[in-house]
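With compact mmCIF, C-alpha atoms inside, this is my_file38.txt:
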```txt
# COMPACT_ATOMS: atom_id res chain seq x y z
CA MET P 1 37.20 -66.33 -85.32
CA PRO P 2 36.38 -63.66 -87.95
CA ALA P 3 38.16 -60.33 -87.85
CA VAL P 4 36.15 -57.47 -86.36
CA ASN P 5 36.24 -54.10 -88.08
CA PRO P 6 37.78 -51.62 -85.59
CA ILE P 7 35.34 -48.96 -86.85
CA PRO P 8 31.85 -50.46 -86.87
CA GLU P 9 29.88 -50.39 -90.11
CA GLY P 10 27.60 -47.35 -90.22
CA TYR P 11 29.57 -45.32 -87.66
CA PRO P 12 31.64 -42.24 -88.52
CA VAL P 13 35.12 -42.00 -87.05
CA VAL P 14 34.08 -39.08 -84.78
CA SER P 15 30.67 -39.18 -83.09
CA PRO P 16 29.88 -36.62 -80.40
CA ALA P 17 28.25 -37.96 -77.24
CA LEU P 18 26.10 -35.44 -75.39
CA ALA P 19 25.06 -35.66 -71.77
CA VAL P 20 21.59 -34.13 -71.58
CA ASN P 21 19.56 -33.71 -68.43
CA GLY P 22 16.20 -34.67 -69.93
CA ALA P 23 17.52 -36.75 -72.83
CA ALA P 24 14.03 -37.86 -73.92
CA HIS P 25 13.02 -34.21 -74.42
CA ALA P 26 16.31 -33.51 -76.21
CA ILE P 27 15.69 -36.39 -78.61
CA ASP P 28 12.33 -34.83 -79.51
CA PHE P 29 13.98 -31.37 -79.89
CA TYR P 30 16.70 -32.69 -82.25
CA LYS P 31 14.14 -34.61 -84.31
CA ARG P 32 11.92 -31.52 -84.60
CA VAL P 33 14.66 -28.97 -85.30
CA PHE P 34 17.14 -30.99 -87.35
CA GLY P 35 15.00 -33.82 -88.68
CA ALA P 36 17.30 -36.28 -86.89
CA ALA P 37 16.36 -39.95 -87.16
CA GLU P 38 16.52 -42.13 -84.08
CA ARG P 39 18.60 -45.27 -84.70
CA PHE P 40 17.95 -46.79 -81.30
CA ARG P 41 17.73 -46.03 -77.60
CA MET P 42 18.48 -47.93 -74.42
CA PRO P 43 16.41 -47.03 -71.37
CA GLY P 44 18.11 -46.30 -68.08
CA PRO P 45 16.84 -46.35 -64.51
CA ASN P 46 14.02 -44.07 -63.36
CA ASN P 47 12.72 -43.27 -66.86
CA THR P 48 16.08 -41.96 -68.08
CA ILE P 49 17.86 -42.66 -71.35
CA ALA P 50 21.11 -44.57 -70.91
CA HIS P 51 22.08 -44.24 -74.57
CA CYS P 52 20.48 -43.04 -77.80
CA GLU P 53 21.87 -42.69 -81.30
CA LEU P 54 20.52 -40.01 -83.63
CA GLN P 55 21.36 -39.83 -87.31
CA PHE P 56 21.89 -36.29 -88.65
CA GLY P 57 22.32 -36.93 -92.38
CA GLY P 58 25.66 -38.75 -92.62
CA SER P 59 26.60 -37.89 -89.03
CA LEU P 60 25.83 -39.59 -85.76
CA VAL P 61 25.23 -37.97 -82.38
CA MET P 62 25.01 -40.14 -79.29
CA LEU P 63 23.29 -38.87 -76.19
CA GLY P 64 21.90 -39.89 -72.86
CA ASP P 65 20.98 -38.56 -69.48
CA PRO P 66 23.95 -37.61 -67.31
CA ALA P 67 25.85 -40.32 -65.48
CA PRO P 68 27.93 -38.42 -62.90
CA ASP P 69 29.50 -41.60 -61.52
CA MET P 70 30.99 -42.14 -65.01
CA GLY P 71 32.00 -38.48 -65.48
CA PHE P 72 29.24 -37.99 -68.10
CA LEU P 73 28.03 -34.52 -67.11
CA ASP P 74 25.67 -32.15 -68.87
CA PRO P 75 26.65 -28.52 -69.62
CA LYS P 76 24.30 -27.00 -67.08
CA ALA P 77 25.82 -29.10 -64.29
CA VAL P 78 29.31 -27.75 -65.04
CA GLY P 79 28.45 -24.11 -65.77
CA GLY P 80 28.22 -24.31 -69.57
CA THR P 81 30.20 -25.82 -72.41
CA PRO P 82 33.09 -24.58 -74.55
CA VAL P 83 32.04 -27.03 -77.29
CA ASN P 84 30.14 -25.81 -80.35
CA LEU P 85 28.54 -28.24 -82.82
CA TYR P 86 28.88 -26.79 -86.35
CA THR P 87 26.07 -28.37 -88.33
CA TYR P 88 25.17 -27.98 -92.00
CA VAL P 89 21.44 -27.77 -92.74
CA GLU P 90 19.41 -27.28 -95.92
CA ASP P 91 17.91 -23.94 -94.81
CA VAL P 92 19.65 -22.09 -92.01
CA ASP P 93 16.85 -19.54 -91.62
CA ALA P 94 14.11 -22.16 -91.29
CA THR P 95 16.19 -24.32 -88.93
CA HIS P 96 17.05 -21.29 -86.80
CA ALA P 97 13.36 -20.36 -86.56
CA ALA P 98 12.45 -23.95 -85.65
CA ALA P 99 15.11 -24.03 -82.93
CA LEU P 100 13.90 -20.77 -81.39
CA GLY P 101 10.31 -21.98 -81.63
CA ALA P 102 11.29 -25.15 -79.78
CA GLY P 103 12.89 -23.23 -76.89
CA ALA P 104 16.49 -22.51 -77.99
CA GLN P 105 18.12 -19.16 -77.16
CA GLU P 106 19.61 -17.25 -80.07
CA THR P 107 23.30 -16.40 -79.80
CA GLN P 108 23.70 -15.21 -83.43
CA ALA P 109 21.03 -14.19 -85.91
CA PRO P 110 21.31 -15.60 -89.44
CA ALA P 111 23.97 -13.81 -91.51
CA THR P 112 26.01 -14.59 -94.61
CA GLN P 113 29.71 -15.00 -93.81
CA PHE P 114 32.80 -14.07 -95.86
CA TYR P 115 33.73 -17.74 -96.25
CA GLY P 116 30.56 -18.68 -98.13
CA ASP P 117 28.26 -20.02 -95.43
CA ARG P 118 25.09 -18.43 -94.11
CA THR P 119 25.18 -19.13 -90.38
CA ALA P 120 23.18 -18.69 -87.18
CA ALA P 121 23.83 -19.90 -83.66
CA PHE P 122 21.83 -20.90 -80.63
CA GLU P 123 22.02 -22.64 -77.30
CA ASP P 124 19.51 -25.45 -77.07
CA PRO P 125 17.29 -25.79 -73.99
CA PHE P 126 19.74 -28.36 -72.58
CA GLY P 127 22.85 -26.14 -72.65
CA HIS P 128 24.49 -27.37 -75.87
CA LYS P 129 25.75 -24.76 -78.37
CA TRP P 130 25.06 -25.11 -82.08
CA THR P 131 26.18 -23.12 -85.09
CA ILE P 132 24.06 -24.03 -88.08
CA ALA P 133 25.11 -23.27 -91.63
CA THR P 134 23.92 -23.45 -95.20
CA HIS P 135 26.67 -23.21 -97.81
CA VAL P 136 25.66 -20.43 -100.23
CA GLU P 137 28.86 -19.62 -102.13
CA ASP P 138 32.02 -21.46 -103.11
CA VAL P 139 34.95 -19.26 -102.09
CA THR P 140 38.56 -20.02 -103.03
CA PRO P 141 41.14 -19.97 -100.24
CA GLU P 142 42.71 -16.86 -101.84
CA GLU P 143 39.38 -15.00 -101.97
CA MET P 144 38.60 -16.09 -98.41
CA GLU P 145 41.93 -14.73 -97.20
CA LYS P 146 41.30 -11.44 -99.04
CA ARG P 147 37.80 -11.10 -97.58
CA MET P 148 39.03 -11.89 -94.08
CA ALA P 149 41.77 -9.25 -94.34
CA GLU P 150 39.21 -6.67 -95.52
CA MET P 151 36.88 -7.62 -92.68
CA MET P 152 39.66 -7.28 -90.09
CA GLN P 153 40.50 -3.77 -91.36
CA GLY P 154 36.89 -2.72 -90.87
```
Please rewrite the model in this file as structure tokens.
Amino acid sequence: MPAVNPIPEGYPVVSPALAVNGAAHAIDFYKRVFGAAERFRMPGPNNTIAHCELQFGGSLVMLGDPAPDMGFLDPKAVGGTPVNLYTYVEDVDATHAAALGAGAQETQAPATQFYGDRTAAFEDPFGHKWTIATHVEDVTPEEMEKRMAEMMQG
């Protein structure tokens, strides 16, 4: 019997799995906003999605409709989420505008940060929180520490 790779080919070591009430709509949202590519989907009962895999560049996000009997609950069912998905994009301003245009709620307008990323944040229509970033400046750890100290002093 051949050995099986413990980490399947084409899968990153960490892959978030999102429970989304309305997974089919979320798949369309993530394709539109992030340009995600659908690898495959498995239908569930009553026109739900049991499992879908979306490719975000070199990253993978799995998602499906909630399965409460398996403890797979969406953020809105549990009063929100403490999880934030930090996602690099080519153009933070354009992606932010696309997200808002597709129904996301802004939680942070685009701004350039002391650590060299231009970021924005939103909550998608399904309750998941995203911070999107475009790297705009390489900052050494020493410079980053200096800038943070200056920022903290006001």
> Do you have the atom CA of P:Pro66-atom CA of P:Ala133 distance handy?
Replying inline: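 Atom CA of P:Ala133 lies at a distance of 28.3 Å from atom CA of P:Pro66.
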> When you draw a straight line from atom CA of P:Met152 to atom CA of P:Trp130, how long is it in Å?
Replying inline: 24.4 Å
> Suppose you want the space between atom CA of P:Phe72 and atom CA of P:Leu18; what is it in Å?
Replying inline: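 Between these atoms lies a distance of 8.3 Å.
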> With all atoms listed in the file as the atoms that count, which of P:Gly154, P:Gly79, P:Pro141, P:Gly35 lies nearest to P:Leu54?
Replying inline: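 Ranking P:Gly154, P:Gly79, P:Pro141, P:Gly35 by distance to P:Leu54, first place goes to P:Gly35.
Excluding P:Met42 and any residue on its chain fewer than 5 positions from it, the residues at most 10 Å away by all atoms listed in the file are Thr48, Ile49, Ala50, His51, Cys52, Glu53 and Gly64 of chain P.
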>> I'd like the neighbourhood of stretch 95-98 of chain P as a PyMOL selection string, where a residue qualifies if any of its atoms comes within 12 Å (using all atoms listed in the file), though same-chain residues fewer than 3 positions away should be ignored.
In response: chain P and resi 29-35+87-92+101-111+118-124+130-134
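Contact shell of P:Pro16 at 10 Å (only C-alpha atoms; same-chain neighbours under 2 positions omitted): Val14, Leu18, Ala19, Ser59, Leu60, Val61, Met62, Leu63 and Leu85 of chain P.
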>> Given all atoms listed in the file as the basis, pick out the residue of P:Met151, P:Ala67, P:Ala26, P:Leu73 nearest to P:Pro45.
In response: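 Residue with the minimum atom-to-atom distance to P:Pro45: P:Ala67.
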>> My list of candidates is P:Ala99, P:Met144, P:Val136, P:Val20. Which is closest to P:Lys76 when distances are computed with all atoms listed in the file?
In response: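 Between P:Ala99, P:Met144, P:Val136, P:Val20, the residue approaching P:Lys76 most closely is P:Val20.
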>> Nearest residue to P:Glu38 out of P:Gln55, P:Val13, P:Glu143, P:His25, using only C-alpha atoms?
In response: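 Among P:Gln55, P:Val13, P:Glu143, P:His25, it is P:Gln55 that comes nearest to P:Glu38.
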>> Neighbouring residues of P:Thr140 were defined as those with any atom within 12 Å, considering all atoms listed in the file; residues of the same chain fewer than 3 positions away were excluded. Please report them as a ChimeraX atom specification.
In response: /P:114-116,137,143-147
Please rebuild stretch 58-83 of chain P with N, CA and C atoms and give the result as a CSV table (one decimal), in the frame of the given file.
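Written output follows (out_10.csv):
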```
chain,number,residue,atom,x,y,z
P,58,GLY,N,24.6,-37.8,-92.7
P,58,GLY,CA,25.7,-38.8,-92.6
P,58,GLY,C,26.4,-38.8,-91.3
P,59,SER,N,25.9,-38.0,-90.3
P,59,SER,CA,26.6,-37.9,-89.0
P,59,SER,C,25.8,-38.6,-87.9
P,60,LEU,N,26.5,-38.9,-86.9
P,60,LEU,CA,25.8,-39.6,-85.8
P,60,LEU,C,26.1,-38.8,-84.5
P,61,VAL,N,25.1,-38.6,-83.7
P,61,VAL,CA,25.2,-38.0,-82.4
P,61,VAL,C,24.7,-39.0,-81.4
P,62,MET,N,25.5,-39.3,-80.4
P,62,MET,CA,25.0,-40.1,-79.3
P,62,MET,C,24.6,-39.2,-78.1
P,63,LEU,N,23.6,-39.7,-77.4
P,63,LEU,CA,23.3,-38.9,-76.2
P,63,LEU,C,22.6,-39.7,-75.2
P,64,GLY,N,22.6,-39.2,-74.0
P,64,GLY,CA,21.9,-39.9,-72.9
P,64,GLY,C,21.8,-39.0,-71.7
P,65,ASP,N,21.0,-39.3,-70.7
P,65,ASP,CA,21.0,-38.6,-69.5
P,65,ASP,C,22.3,-38.6,-68.8
P,66,PRO,N,22.7,-37.6,-68.0
P,66,PRO,CA,24.0,-37.6,-67.3
P,66,PRO,C,24.2,-38.8,-66.4
P,67,ALA,N,25.4,-39.2,-66.4
P,67,ALA,CA,25.8,-40.3,-65.5
P,67,ALA,C,27.1,-39.8,-64.7
P,68,PRO,N,26.8,-39.0,-63.6
P,68,PRO,CA,27.9,-38.4,-62.9
P,68,PRO,C,29.0,-39.4,-62.4
P,69,ASP,N,28.5,-40.6,-62.0
P,69,ASP,CA,29.5,-41.6,-61.5
P,69,ASP,C,30.5,-42.0,-62.6
P,70,MET,N,30.1,-41.8,-63.9
P,70,MET,CA,31.0,-42.1,-65.0
P,70,MET,C,31.6,-40.9,-65.6
P,71,GLY,N,31.4,-39.7,-65.0
P,71,GLY,CA,32.0,-38.5,-65.5
P,71,GLY,C,31.3,-37.9,-66.7
P,72,PHE,N,30.0,-38.4,-67.0
P,72,PHE,CA,29.2,-38.0,-68.1
P,72,PHE,C,28.3,-36.9,-67.6
P,73,LEU,N,28.7,-35.6,-67.7
P,73,LEU,CA,28.0,-34.5,-67.1
P,73,LEU,C,27.5,-33.6,-68.2
P,74,ASP,N,26.3,-33.1,-67.9
P,74,ASP,CA,25.7,-32.2,-68.9
P,74,ASP,C,26.2,-30.7,-68.7
P,75,PRO,N,26.1,-29.9,-69.7
P,75,PRO,CA,26.6,-28.5,-69.6
P,75,PRO,C,26.1,-27.7,-68.5
P,76,LYS,N,24.9,-27.8,-68.2
P,76,LYS,CA,24.3,-27.0,-67.1
P,76,LYS,C,24.9,-27.4,-65.7
P,77,ALA,N,25.3,-28.6,-65.6
P,77,ALA,CA,25.8,-29.1,-64.3
P,77,ALA,C,27.2,-28.6,-64.1
P,78,VAL,N,27.9,-28.2,-65.2
P,78,VAL,CA,29.3,-27.8,-65.0
P,78,VAL,C,29.5,-26.3,-65.4
P,79,GLY,N,28.4,-25.5,-65.5
P,79,GLY,CA,28.4,-24.1,-65.8
P,79,GLY,C,28.6,-23.7,-67.2
P,80,GLY,N,28.2,-24.6,-68.1
P,80,GLY,CA,28.2,-24.3,-69.6
P,80,GLY,C,29.2,-25.2,-70.3
P,81,THR,N,29.3,-25.0,-71.6
P,81,THR,CA,30.2,-25.8,-72.4
P,81,THR,C,31.0,-24.9,-73.3
P,82,PRO,N,32.3,-25.3,-73.6
P,82,PRO,CA,33.1,-24.6,-74.6
P,82,PRO,C,32.9,-25.2,-75.9
P,83,VAL,N,32.2,-26.3,-76.0
P,83,VAL,CA,32.0,-27.0,-77.3
P,83,VAL,C,30.9,-26.4,-78.1
```
